[in-house]
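A.B. asks: Structure file start_16.tsv (TSV, C-alpha atoms (C1' of nucleotides)) right here:
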chain	number	residue	atom	x	y	z
A	15	MET	CA	16.26	-3.86	28.26
A	16	ALA	CA	13.79	-1.05	28.59
A	17	LEU	CA	11.17	-0.26	25.98
A	18	THR	CA	11.83	2.76	23.76
A	19	LYS	CA	9.67	4.80	21.43
A	20	GLN	CA	12.21	3.94	18.74
A	21	ALA	CA	11.74	0.22	19.40
A	22	ILE	CA	7.96	0.58	19.35
A	23	VAL	CA	8.03	2.43	16.03
A	24	GLY	CA	10.33	-0.23	14.60
A	25	ALA	CA	8.05	-3.04	15.73
A	26	ALA	CA	5.04	-1.22	14.31
A	27	LEU	CA	6.76	-0.78	10.95
A	28	ALA	CA	7.63	-4.47	10.85
A	29	ILE	CA	4.01	-5.40	11.51
A	30	LEU	CA	2.87	-2.95	8.84
A	31	ASP	CA	5.14	-4.64	6.30
A	32	ASP	CA	4.21	-8.17	7.33
A	33	TYR	CA	0.49	-7.88	8.07
A	34	GLY	CA	-0.77	-4.53	6.75
A	35	LEU	CA	-2.37	-1.47	8.30
A	36	ALA	CA	-5.62	-3.24	9.28
A	37	ASP	CA	-3.67	-5.69	11.46
A	38	LEU	CA	-1.41	-3.05	12.96
A	39	THR	CA	-2.96	-3.03	16.44
A	40	MET	CA	-1.51	-1.91	19.74
A	41	ARG	CA	-1.88	-5.43	21.08
A	42	ARG	CA	0.05	-6.95	18.17
A	43	VAL	CA	2.84	-4.41	18.52
A	44	ALA	CA	3.03	-5.13	22.25
A	45	ASP	CA	3.05	-8.90	21.63
A	46	SER	CA	5.91	-8.63	19.14
A	47	LEU	CA	7.90	-6.78	21.81
A	48	GLY	CA	7.00	-9.34	24.49
A	49	VAL	CA	5.14	-6.78	26.54
A	50	GLN	CA	1.60	-5.96	27.67
A	51	ALA	CA	-0.45	-3.57	25.52
A	52	GLY	CA	-0.75	-1.06	28.32
A	53	ALA	CA	3.03	-0.69	28.50
A	54	LEU	CA	3.06	1.07	25.13
A	55	TYR	CA	1.11	3.98	26.62
A	56	TYR	CA	4.03	4.83	28.82
A	57	HIS	CA	6.05	5.77	25.72
A	58	VAL	CA	3.36	6.81	23.26
A	59	PRO	CA	0.23	8.87	24.04
A	60	ASN	CA	-2.07	6.95	21.69
A	61	LYS	CA	-2.24	4.85	18.53
A	62	GLN	CA	-2.67	7.82	16.21
A	63	SER	CA	0.64	9.37	17.29
A	64	LEU	CA	2.38	6.02	16.89
A	65	LEU	CA	1.05	5.81	13.35
A	66	ALA	CA	2.29	9.35	12.73
A	67	ALA	CA	5.76	8.36	13.93
A	68	VAL	CA	5.74	5.35	11.60
A	69	ALA	CA	4.67	7.60	8.71
A	70	ASP	CA	7.49	10.02	9.53
A	71	HIS	CA	9.97	7.14	9.61
A	72	ILE	CA	8.88	6.06	6.14
A	73	LEU	CA	8.95	9.57	4.70
A	74	ALA	CA	12.43	10.12	6.14
A	75	GLU	CA	13.68	7.28	3.92
A	76	ARG	CA	12.92	9.38	0.85
A	77	PRO	CA	16.07	10.20	-1.11
A	78	ALA	CA	16.90	13.88	-1.53
A	79	VAL	CA	15.94	15.10	-4.99
A	80	SER	CA	18.66	16.88	-6.90
A	81	THR	CA	17.27	20.14	-8.21
A	82	PRO	CA	18.20	21.03	-11.74
A	83	GLY	CA	17.09	24.39	-13.07
A	84	ASP	CA	13.74	23.33	-14.50
A	85	PRO	CA	11.05	23.29	-11.79
A	86	GLY	CA	8.95	20.84	-13.84
A	87	GLU	CA	11.75	18.32	-13.82
A	88	THR	CA	12.30	18.82	-10.09
A	89	LEU	CA	8.62	18.17	-9.42
A	90	ARG	CA	8.75	15.05	-11.58
A	91	LEU	CA	11.71	13.67	-9.63
A	92	TRP	CA	10.07	14.67	-6.37
A	93	GLY	CA	6.85	12.89	-7.28
A	94	ARG	CA	8.58	9.74	-8.46
A	95	GLY	CA	10.72	9.68	-5.31
A	96	LEU	CA	7.69	10.00	-3.07
A	97	ARG	CA	5.85	7.22	-4.89
A	98	SER	CA	8.94	5.02	-4.62
A	99	VAL	CA	9.29	5.21	-0.85
A	100	LEU	CA	5.57	4.67	-0.40
A	101	LEU	CA	5.81	1.50	-2.49
A	102	THR	CA	8.56	0.10	-0.25
A	103	HIS	CA	6.17	-0.36	2.70
A	104	ARG	CA	2.79	-2.03	2.67
A	105	ASP	CA	-0.17	0.38	2.94
A	106	ALA	CA	2.26	3.29	3.32
A	107	ALA	CA	0.19	5.64	1.14
A	108	GLU	CA	-2.97	5.10	3.19
A	109	LEU	CA	-0.98	5.52	6.40
A	110	VAL	CA	0.67	8.75	5.27
A	111	ALA	CA	-2.64	10.10	3.96
A	112	SER	CA	-4.38	9.47	7.29
A	113	THR	CA	-1.67	11.20	9.32
A	114	GLN	CA	-1.38	14.01	6.78
A	115	VAL	CA	-5.08	14.82	6.95
A	116	LEU	CA	-4.98	15.02	10.74
A	117	GLY	CA	-2.03	17.40	10.62
A	118	LEU	CA	0.12	14.94	12.59
A	119	GLY	CA	3.63	14.02	11.57
A	120	GLU	CA	6.75	16.13	11.69
A	121	VAL	CA	8.08	15.36	8.22
A	122	ASP	CA	6.68	17.52	5.43
A	123	PRO	CA	6.84	15.51	2.20
A	124	CYS	CA	6.15	18.63	0.13
A	125	LEU	CA	9.09	20.69	1.34
A	126	GLU	CA	11.47	20.30	-1.59
A	127	GLY	CA	8.71	20.59	-4.17
A	128	ARG	CA	7.43	23.76	-2.61
A	129	GLU	CA	10.92	25.27	-2.57
A	130	ALA	CA	11.30	24.51	-6.26
A	131	LEU	CA	8.01	26.30	-6.97
A	132	ILE	CA	9.02	29.33	-4.94
A	133	ALA	CA	12.46	29.46	-6.56
A	134	ALA	CA	10.79	29.45	-9.95
A	135	GLY	CA	8.48	32.26	-8.90
A	136	LEU	CA	5.32	30.18	-9.43
A	137	GLN	CA	2.04	31.17	-7.77
A	138	GLN	CA	0.24	29.44	-4.88
A	139	PRO	CA	2.98	26.96	-3.94
A	140	ASP	CA	1.03	25.54	-0.98
A	141	ALA	CA	-2.17	24.83	-2.89
A	142	THR	CA	-0.14	23.46	-5.79
A	143	MET	CA	1.84	21.03	-3.63
A	144	ALA	CA	-1.32	19.99	-1.78
A	145	ALA	CA	-2.93	19.09	-5.11
A	146	LEU	CA	0.12	17.09	-6.18
A	147	LEU	CA	0.23	15.29	-2.84
A	148	HIS	CA	-3.47	14.41	-3.05
A	149	PHE	CA	-2.95	12.90	-6.48
A	150	ILE	CA	0.10	10.88	-5.44
A	151	LEU	CA	-1.39	9.56	-2.18
A	152	GLY	CA	-4.64	8.68	-3.93
A	153	HIS	CA	-2.91	6.95	-6.80
A	154	VAL	CA	-0.49	4.91	-4.66
A	155	THR	CA	-3.27	4.02	-2.20
A	156	GLY	CA	-5.11	2.53	-5.18
A	157	GLU	CA	-2.01	0.64	-6.30
A	158	GLN	CA	-1.35	-0.81	-2.85
A	159	THR	CA	-4.97	-1.73	-2.23
A	160	ARG	CA	-5.06	-3.63	-5.53
A	161	LEU	CA	-1.86	-5.41	-4.53
A	162	GLN	CA	-3.47	-6.55	-1.29
A	163	LEU	CA	-6.72	-7.62	-2.92
A	164	ALA	CA	-4.70	-9.70	-5.38
A	165	GLN	CA	-2.68	-11.23	-2.54
A	166	LEU	CA	-5.95	-12.29	-0.91
A	167	SER	CA	-6.83	-13.66	-4.35
A	168	VAL	CA	-10.09	-11.76	-4.44
A	169	ALA	CA	-8.82	-10.05	-7.59
A	170	THR	CA	-6.44	-10.76	-10.45
A	171	ALA	CA	-2.86	-9.52	-10.22
A	172	PRO	CA	-2.71	-5.82	-11.02
A	173	ASP	CA	-0.78	-4.58	-14.06
A	174	GLU	CA	2.25	-2.89	-12.55
A	175	ALA	CA	3.34	-1.30	-15.82
A	176	ALA	CA	-0.12	0.19	-16.35
A	177	SER	CA	-0.09	1.63	-12.83
A	178	GLU	CA	3.22	3.34	-13.48
A	179	ARG	CA	2.04	4.61	-16.85
A	180	ASP	CA	-1.09	6.09	-15.27
A	181	PHE	CA	1.02	7.66	-12.53
A	182	GLU	CA	3.33	9.26	-15.07
A	183	TRP	CA	0.32	10.49	-17.02
A	184	GLY	CA	-1.26	12.13	-14.01
A	185	LEU	CA	2.02	13.58	-12.80
A	186	GLY	CA	2.75	14.87	-16.29
A	187	LEU	CA	-0.56	16.60	-16.74
A	188	MET	CA	-0.28	18.28	-13.36
A	189	ILE	CA	3.24	19.51	-14.04
A	190	ARG	CA	2.04	20.78	-17.41
A	191	GLY	CA	-0.72	22.68	-15.64
A	192	ILE	CA	1.69	24.02	-13.02
A	193	CYS	CA	4.49	25.17	-15.28
A	194	GLY	CA	2.38	26.12	-18.28
A	195	ARG	CA	3.35	23.72	-21.07
B	2	MET	CA	-42.88	-3.38	9.23
B	3	ALA	CA	-40.06	-5.49	7.89
B	4	LEU	CA	-36.51	-4.26	7.61
B	5	THR	CA	-35.31	-3.27	4.14
B	6	LYS	CA	-31.91	-2.59	2.66
B	7	GLN	CA	-33.30	0.83	1.73
B	8	ALA	CA	-34.20	1.52	5.36
B	9	ILE	CA	-30.79	0.34	6.57
B	10	VAL	CA	-28.98	2.58	4.08
B	11	GLY	CA	-31.16	5.51	5.14
B	12	ALA	CA	-30.45	4.92	8.82
B	13	ALA	CA	-26.73	4.61	8.11
B	14	LEU	CA	-26.75	7.90	6.19
B	15	ALA	CA	-28.52	9.63	9.07
B	16	ILE	CA	-25.91	8.36	11.53
B	17	LEU	CA	-23.13	9.46	9.18
B	18	ASP	CA	-24.57	12.98	9.12
B	19	ASP	CA	-25.20	13.14	12.87
B	20	TYR	CA	-22.17	11.32	14.30
B	21	GLY	CA	-19.59	10.86	11.52
B	22	LEU	CA	-17.92	7.88	9.86
B	23	ALA	CA	-16.02	6.74	12.96
B	24	ASP	CA	-19.29	6.30	14.87
B	25	LEU	CA	-21.12	4.64	11.98
B	26	THR	CA	-21.18	1.13	13.47
B	27	MET	CA	-23.46	-1.77	12.68
B	28	ARG	CA	-24.69	-1.74	16.27
B	29	ARG	CA	-25.60	1.95	16.10
B	30	VAL	CA	-27.44	1.48	12.82
B	31	ALA	CA	-29.34	-1.47	14.30
B	32	ASP	CA	-30.17	0.49	17.45
B	33	SER	CA	-31.57	3.41	15.46
B	34	LEU	CA	-33.85	0.94	13.67
B	35	GLY	CA	-34.91	-0.71	16.94
B	36	VAL	CA	-33.39	-4.02	15.96
B	37	GLN	CA	-30.54	-6.34	16.95
B	38	ALA	CA	-27.19	-5.93	15.14
B	39	GLY	CA	-27.36	-9.44	13.75
B	40	ALA	CA	-30.60	-8.65	11.93
B	41	LEU	CA	-28.77	-6.34	9.53
B	42	TYR	CA	-26.85	-9.30	8.11
B	43	TYR	CA	-30.03	-10.75	6.72
B	44	HIS	CA	-30.24	-7.77	4.33
B	45	VAL	CA	-26.60	-6.77	3.89
B	46	PRO	CA	-23.62	-9.14	3.54
B	47	ASN	CA	-21.22	-6.99	5.59
B	48	LYS	CA	-20.39	-3.47	6.73
B	49	GLN	CA	-18.24	-2.67	3.71
B	50	SER	CA	-21.08	-3.26	1.29
B	51	LEU	CA	-23.40	-1.14	3.43
B	52	LEU	CA	-20.87	1.68	3.29
B	53	ALA	CA	-20.67	1.26	-0.49
B	54	ALA	CA	-24.45	1.56	-0.71
B	55	VAL	CA	-24.35	4.75	1.37
B	56	ALA	CA	-21.61	6.13	-0.88
B	57	ASP	CA	-23.70	5.32	-3.95
B	58	HIS	CA	-26.70	7.04	-2.41
B	59	ILE	CA	-24.67	10.19	-1.85
B	60	LEU	CA	-23.14	10.17	-5.32
B	61	ALA	CA	-26.57	9.68	-6.86
B	62	GLU	CA	-27.58	13.06	-5.41
B	63	ARG	CA	-25.07	14.78	-7.68
B	64	PRO	CA	-26.80	17.10	-10.18
B	65	ALA	CA	-26.28	16.35	-13.86
B	66	VAL	CA	-23.70	18.66	-15.37
B	67	SER	CA	-24.77	20.45	-18.50
B	68	THR	CA	-22.12	19.98	-21.15
B	69	PRO	CA	-21.23	23.04	-23.17
B	70	GLY	CA	-18.74	22.65	-26.00
B	71	ASP	CA	-15.57	23.32	-24.05
B	72	PRO	CA	-14.32	20.18	-22.26
B	73	GLY	CA	-12.38	22.28	-19.76
B	74	GLU	CA	-15.56	24.02	-18.66
B	75	THR	CA	-17.39	20.69	-18.42
B	76	LEU	CA	-14.64	19.30	-16.18
B	77	ARG	CA	-14.79	22.41	-14.02
B	78	LEU	CA	-18.55	22.06	-13.53
B	79	TRP	CA	-18.16	18.32	-12.96
B	80	GLY	CA	-15.50	18.88	-10.30
B	81	ARG	CA	-17.44	21.60	-8.52
B	82	GLY	CA	-20.59	19.47	-8.56
B	83	LEU	CA	-18.76	16.49	-7.07
B	84	ARG	CA	-17.23	18.61	-4.32
B	85	SER	CA	-20.65	20.09	-3.58
B	86	VAL	CA	-22.42	16.78	-2.97
B	87	LEU	CA	-19.54	15.54	-0.87
B	88	LEU	CA	-19.81	18.62	1.32
B	89	THR	CA	-23.50	17.96	1.98
B	90	HIS	CA	-22.77	14.83	4.07
B	91	ARG	CA	-20.29	14.52	6.89
B	92	ASP	CA	-17.13	12.55	6.05
B	93	ALA	CA	-18.56	11.82	2.60
B	94	ALA	CA	-15.21	12.27	0.83
B	95	GLU	CA	-13.47	9.75	3.08
B	96	LEU	CA	-16.38	7.33	2.68
B	97	VAL	CA	-16.42	7.60	-1.12
B	98	ALA	CA	-12.62	7.29	-1.27
B	99	SER	CA	-12.65	4.10	0.78
B	100	THR	CA	-15.33	2.43	-1.34
B	101	GLN	CA	-13.75	3.70	-4.56
B	102	VAL	CA	-10.36	2.19	-3.73
B	103	LEU	CA	-11.93	-1.20	-3.02
B	104	GLY	CA	-13.77	-1.15	-6.33
B	105	LEU	CA	-17.13	-1.34	-4.57
B	106	GLY	CA	-20.04	0.91	-5.40
B	107	GLU	CA	-22.18	0.90	-8.51
B	108	VAL	CA	-22.13	4.64	-9.20
B	109	ASP	CA	-19.17	5.89	-11.23
B	110	PRO	CA	-18.58	9.54	-10.31
B	111	CYS	CA	-16.24	10.00	-13.28
B	112	LEU	CA	-18.71	9.01	-16.00
B	113	GLU	CA	-19.68	12.42	-17.31
B	114	GLY	CA	-16.17	13.79	-17.09
B	115	ARG	CA	-14.76	10.86	-19.00
B	116	GLU	CA	-17.38	11.27	-21.72
B	117	ALA	CA	-16.42	14.91	-22.10
B	118	LEU	CA	-12.78	13.93	-22.52
B	119	ILE	CA	-13.62	11.29	-25.11
B	120	ALA	CA	-15.91	13.65	-27.01
B	121	ALA	CA	-13.08	16.19	-27.16
B	122	GLY	CA	-10.68	13.53	-28.44
B	123	LEU	CA	-8.35	13.87	-25.47
B	124	GLN	CA	-5.88	11.10	-24.59
B	125	GLN	CA	-5.97	8.68	-21.62
B	126	PRO	CA	-9.45	9.56	-20.32
B	127	ASP	CA	-9.36	6.92	-17.57
B	128	ALA	CA	-6.02	7.95	-16.11
B	129	THR	CA	-6.99	11.60	-16.42
B	130	MET	CA	-10.28	11.18	-14.56
B	131	ALA	CA	-8.59	9.04	-11.91
B	132	ALA	CA	-6.09	11.84	-11.29
B	133	LEU	CA	-8.90	14.41	-11.01
B	134	LEU	CA	-10.85	12.17	-8.66
B	135	HIS	CA	-7.83	11.63	-6.43
B	136	PHE	CA	-7.31	15.36	-6.14
B	137	ILE	CA	-10.96	16.08	-5.34
B	138	LEU	CA	-11.37	13.27	-2.79
B	139	GLY	CA	-8.10	14.20	-1.13
B	140	HIS	CA	-8.94	17.88	-0.99
B	141	VAL	CA	-12.48	17.46	0.34
B	142	THR	CA	-11.33	14.83	2.85
B	143	GLY	CA	-8.97	17.47	4.18
B	144	GLU	CA	-11.73	20.06	4.31
B	145	GLN	CA	-14.12	17.76	6.16
B	146	THR	CA	-11.49	16.53	8.59
B	147	ARG	CA	-10.63	20.12	9.50
B	148	LEU	CA	-14.33	20.82	10.02
B	149	GLN	CA	-14.56	17.93	12.45
B	150	LEU	CA	-11.40	18.85	14.34
B	151	ALA	CA	-12.75	22.37	14.75
B	152	GLN	CA	-16.09	21.01	15.95
B	153	LEU	CA	-14.21	19.04	18.61
B	154	SER	CA	-12.46	22.34	19.33
B	155	VAL	CA	-9.02	20.79	18.98
B	156	ALA	CA	-8.37	23.29	16.17
B	157	THR	CA	-9.50	26.73	15.13
B	158	ALA	CA	-12.34	27.11	12.67
B	159	PRO	CA	-11.08	26.46	9.14
B	160	ASP	CA	-11.16	29.22	6.53
B	161	GLU	CA	-13.92	28.14	4.20
B	162	ALA	CA	-13.06	30.73	1.56
B	163	ALA	CA	-9.41	29.64	1.52
B	164	SER	CA	-10.47	26.00	1.10
B	165	GLU	CA	-12.58	26.88	-1.91
B	166	ARG	CA	-9.82	29.04	-3.38
B	167	ASP	CA	-7.31	26.19	-3.03
B	168	PHE	CA	-9.81	23.79	-4.60
B	169	GLU	CA	-10.33	26.09	-7.57
B	170	TRP	CA	-6.58	26.50	-7.91
B	171	GLY	CA	-5.94	22.76	-7.99
B	172	LEU	CA	-8.87	22.09	-10.30
B	173	GLY	CA	-7.73	24.90	-12.57
B	174	LEU	CA	-4.16	23.70	-12.88
B	175	MET	CA	-5.29	20.17	-13.65
B	176	ILE	CA	-7.72	21.33	-16.31
B	177	ARG	CA	-4.95	23.49	-17.77
B	178	GLY	CA	-2.73	20.41	-17.91
B	179	ILE	CA	-5.50	18.30	-19.43
B	180	CYS	CA	-6.70	20.67	-22.11
B	181	GLY	CA	-3.39	22.37	-22.82
B	182	ARG	CA	-3.76	25.97	-21.74
C	19	DA	C1'	-38.57	-15.58	5.92
C	20	DC	C1'	-37.04	-12.72	9.32
C	21	DC	C1'	-35.33	-11.54	13.77
C	22	DT	C1'	-33.53	-12.35	18.78
C	23	DG	C1'	-30.06	-13.59	22.13
C	24	DA	C1'	-25.95	-14.74	22.93
C	25	DA	C1'	-21.70	-15.72	21.91
C	26	DC	C1'	-16.74	-15.42	19.55
C	27	DA	C1'	-12.71	-13.12	18.80
C	28	DC	C1'	-11.21	-9.16	18.83
C	29	DC	C1'	-10.30	-3.62	19.60
C	30	DG	C1'	-8.01	1.17	22.15
C	31	DT	C1'	-7.37	2.89	26.49
C	32	DT	C1'	-7.01	3.33	31.60
C	33	DC	C1'	-5.18	2.43	35.98
C	34	DA	C1'	-4.35	0.32	40.50
C	35	DA	C1'	-0.86	-2.47	41.88
C	36	DG	C1'	3.61	-4.32	41.77
C	37	DT	C1'	8.97	-3.97	41.15
D	25	DA	C1'	10.39	4.96	36.36
D	26	DC	C1'	8.50	1.31	34.07
D	27	DC	C1'	5.57	-2.56	33.44
D	28	DT	C1'	1.73	-6.14	34.65
D	29	DG	C1'	-3.00	-7.62	35.17
D	30	DA	C1'	-7.22	-6.72	34.69
D	31	DA	C1'	-10.78	-4.26	33.58
D	32	DC	C1'	-14.04	-0.89	30.72
D	33	DA	C1'	-16.57	0.06	26.86
D	34	DC	C1'	-16.74	-1.03	22.78
D	35	DC	C1'	-16.23	-3.53	17.74
D	36	DG	C1'	-17.88	-6.91	13.21
D	37	DT	C1'	-19.73	-11.19	12.50
D	38	DT	C1'	-22.00	-15.76	13.24
D	39	DC	C1'	-25.62	-18.75	14.35
D	40	DA	C1'	-28.78	-21.68	17.00
D	41	DA	C1'	-33.18	-20.81	18.38
D	42	DG	C1'	-37.54	-18.75	18.19
D	43	DT	C1'	-41.83	-16.82	15.55
Transcribe the structure of this file into structure tokens.
C.D. replies:
Amino acid sequence: MALTKQAIVGAALAILDDYGLADLTMRRVADSLGVQAGALYYHVPNKQSLLAAVADHILAERPAVSTPGDPGETLRLWGRGLRSVLLTHRDAAELVASTQVLGLGEVDPCLEGREALIAAGLQQPDATMAALLHFILGHVTGEQTRLQLAQLSVATAPDEAASERDFEWGLGLMIRGICGR
Amino acid sequence: MALTKQAIVGAALAILDDYGLADLTMRRVADSLGVQAGALYYHVPNKQSLLAAVADHILAERPAVSTPGDPGETLRLWGRGLRSVLLTHRDAAELVASTQVLGLGEVDPCLEGREALIAAGLQQPDATMAALLHFILGHVTGEQTRLQLAQLSVATAPDEAASERDFEWGLGLMIRGICGR
DNA sequence: ACCTGAACACCGTTCAAGT
DNA sequence: ACCTGAACACCGTTCAAGT
């Protein structure tokens, strides 16, 4: 059967989950598909765009957030949902951050949050959502890096409850600042 | 003259400024010092620790923030000061973020901010400063990446004023959420 | 003690050549 | 059209050997 971009993205995601972003190389992806590394470049222009496709695939798994009237509550559900999908794939936060900063990727993780801000008539929705996204990606990147360091036993197991508490604290203070109390 | 860790860090910082983080390789650092790559490993255990030393050197350039009574104003000055030093070296935000997440680096950029929070009797100073740091590193990483993309002429020149306005907006909403109005 | 030279085990990417 | 084989120009790191 012929190679597909779909198949390549799937193989890349599997390697991400099993070996992490540092070991997600074009050669490994090709090997797992039983193909030469050069063959990938017939379906994908370069590694960066493959990574963007993987990031999009992960972000697309995010559940739709039901929007009650309160924009603060919508943002809270949005933030928790984003953190949740990121936690389902190894190094996902770092991956999404790197594609986000380069402006690659078709999926906009901020869409629903921004709409909630606009619907509520709040100012500067773009800058607000960018700030929230920076916090979430930074926080989850820290969580996932600590998980990996612990798995390599170069550090003690991280306190999962404390991580979630700190996330809720940061999310809460930002929502407070956005919605005004 | 013999090689020093100081000299290696200085050479690495110069390469960072001139060529960026992606081109900051051990071989390039060695070349600029007129030495073989292997020689660096007599003074530095690995690349990651060299990067941490460079990050520390940059963070040490940060001016001390005078602390007036209002904790919100202290945090604002602290945040602006951190962004300023980061903007003085190419890719500095990405570099600091990567060493911060690994727990490397001796310099704690959050020290003064955390002290201001504690002095004001505010809750969860660690989680609060972590959230602020994530926002700042994420925002400035975006700024510096856009600068580079424009320099490679793959994108139009970024709007510097808009970047600063968005930074002030994000910093402002977080401080509002921290201090309560 | 400090550095060279050379190797090891990799990378991303390109491209003529095959089918 | 799609893939192989092989190369190009790199990496970080190690280590015997020299001085």
A.B. asks: Within 6 Å of range 124-141 of chain A, counting all atoms listed in the file, which residues show up once you throw out same-chain ones fewer than 3 positions away? Write them as a PyMOL selection string, please.
C.D. replies: (chain A and resi 85+89+144) or (chain B and resi 167)
A.B. asks: Which residues of chain C come within 10 Å of chain B, and for each one, what is the closest pair of atoms and their distance in Å to one decimal, counting all atoms listed in the file, sorted by chain and residue number, as a Markdown table?
C.D. replies:
| residue | atom | partner | partner_atom | distance |
| --- | --- | --- | --- | --- |
| C:DA19 | C1' | B:Tyr43 | CA | 9.8 |
| C:DC20 | C1' | B:Tyr43 | CA | 7.7 |
| C:DC21 | C1' | B:Ala40 | CA | 5.8 |
| C:DT22 | C1' | B:Gln37 | CA | 7.0 |
| C:DG23 | C1' | B:Gln37 | CA | 8.9 |
A.B. asks: Calculate, to one decimal in Å, the centre and edge lengths of the box along x, y and z of the file that holds all listed atoms of range 98-113 of chain B with 5 Å of margin on each side, and present them as AutoDock Vina command-line options.
C.D. replies:
--center_x -16.3 --center_y 5.5 --center_z -8.3 --size_x 21.8 --size_y 23.8 --size_z 28.1
A.B. asks: Could you pull out every residue with an atom within 12 Å of (-8.1, -6.7, 22.2), file coordinates, counting only C-alpha atoms (C1' of nucleotides), and send them as a list in words?
C.D. replies: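 Looking at atoms near the point gives Asp37, Leu38, Thr39, Met40, Arg41, Arg42, Val43, Ala44, Asp45, Gln50, Ala51 and Gly52 of chain A; DA27, DC28, DC29, DG30 and DT31 of chain C; DA31, DC32, DA33, DC34 and DC35 of chain D.
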A.B. asks: Quick one: which residues from chain A are at most 6 Å off chain B, using only C-alpha atoms, as a list in words?
C.D. replies: Val115, Ala141, Ala145, His148, Phe149, Gly152, Gly156, Asp180, Gly184, Leu187, Met188, Arg190, Gly191 and Ile192 of chain A
A.B. asks: Around the point (-19.9, 4.0, 2.6) (coordinates from the file), which residues reach within 8 Å if we count only C-alpha atoms (C1' of nucleotides)? Answer as JSON, numbers by chain.
C.D. replies: {"B": [49, 50, 51, 52, 53, 54, 55, 56, 57, 93, 96, 97, 99, 100]}
A.B. asks: By how many Å are CA of Ala78 in chain A and CA of Pro123 in chain A apart?
C.D. replies: 10.9 Å
A.B. asks: Report the distance between CA of Ala171 in chain A and CA of Glu95 in chain B in Å, rounded to one decimal place.
C.D. replies: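 About the pair CA of Ala171 in chain A and CA of Glu95 in chain B: they are 25.7 Å apart.
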A.B. asks: Could you state the separation of CA of Ala74 in chain A and CA of Leu100 in chain A in Å, given to one decimal place?
C.D. replies: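 Interatomic distance, CA of Ala74 in chain A to CA of Leu100 in chain A: 10.9 Å.
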A.B. asks: Could range 168-182 of chain B be completed with N, CA and C atoms and returned as a compact mmCIF listing (two decimals), in the coordinates of the input?
C.D. replies:
# COMPACT_ATOMS: atom_id res chain seq x y z
N PHE B 168 -9.17 24.79 -3.74
CA PHE B 168 -9.81 23.79 -4.60
C PHE B 168 -9.83 24.28 -6.04
N GLU B 169 -10.26 25.52 -6.23
CA GLU B 169 -10.33 26.09 -7.57
C GLU B 169 -8.94 26.15 -8.21
N TRP B 170 -7.94 26.45 -7.39
CA TRP B 170 -6.58 26.50 -7.91
C TRP B 170 -6.13 25.12 -8.41
N GLY B 171 -6.33 24.11 -7.60
CA GLY B 171 -5.94 22.76 -7.99
C GLY B 171 -6.72 22.27 -9.19
N LEU B 172 -8.03 22.51 -9.17
CA LEU B 172 -8.87 22.09 -10.30
C LEU B 172 -8.42 22.82 -11.56
N GLY B 173 -8.15 24.10 -11.42
CA GLY B 173 -7.73 24.90 -12.57
C GLY B 173 -6.42 24.43 -13.18
N LEU B 174 -5.46 24.13 -12.33
CA LEU B 174 -4.16 23.70 -12.88
C LEU B 174 -4.26 22.34 -13.54
N MET B 175 -5.12 21.49 -13.02
CA MET B 175 -5.29 20.17 -13.65
C MET B 175 -5.98 20.30 -14.99
N ILE B 176 -7.01 21.13 -15.05
CA ILE B 176 -7.72 21.33 -16.31
C ILE B 176 -6.79 21.96 -17.35
N ARG B 177 -5.94 22.88 -16.88
CA ARG B 177 -4.95 23.49 -17.77
C ARG B 177 -4.04 22.39 -18.33
N GLY B 178 -3.61 21.48 -17.46
CA GLY B 178 -2.73 20.41 -17.91
C GLY B 178 -3.43 19.42 -18.82
N ILE B 179 -4.74 19.25 -18.62
CA ILE B 179 -5.50 18.30 -19.43
C ILE B 179 -5.80 18.86 -20.81
N CYS B 180 -6.25 20.08 -20.85
CA CYS B 180 -6.70 20.67 -22.11
C CYS B 180 -5.60 21.42 -22.85
N GLY B 181 -4.48 21.63 -22.18
CA GLY B 181 -3.39 22.37 -22.82
C GLY B 181 -3.71 23.83 -22.95
N ARG B 182 -3.44 24.53 -21.86
CA ARG B 182 -3.76 25.97 -21.74
C ARG B 182 -5.24 26.20 -21.55
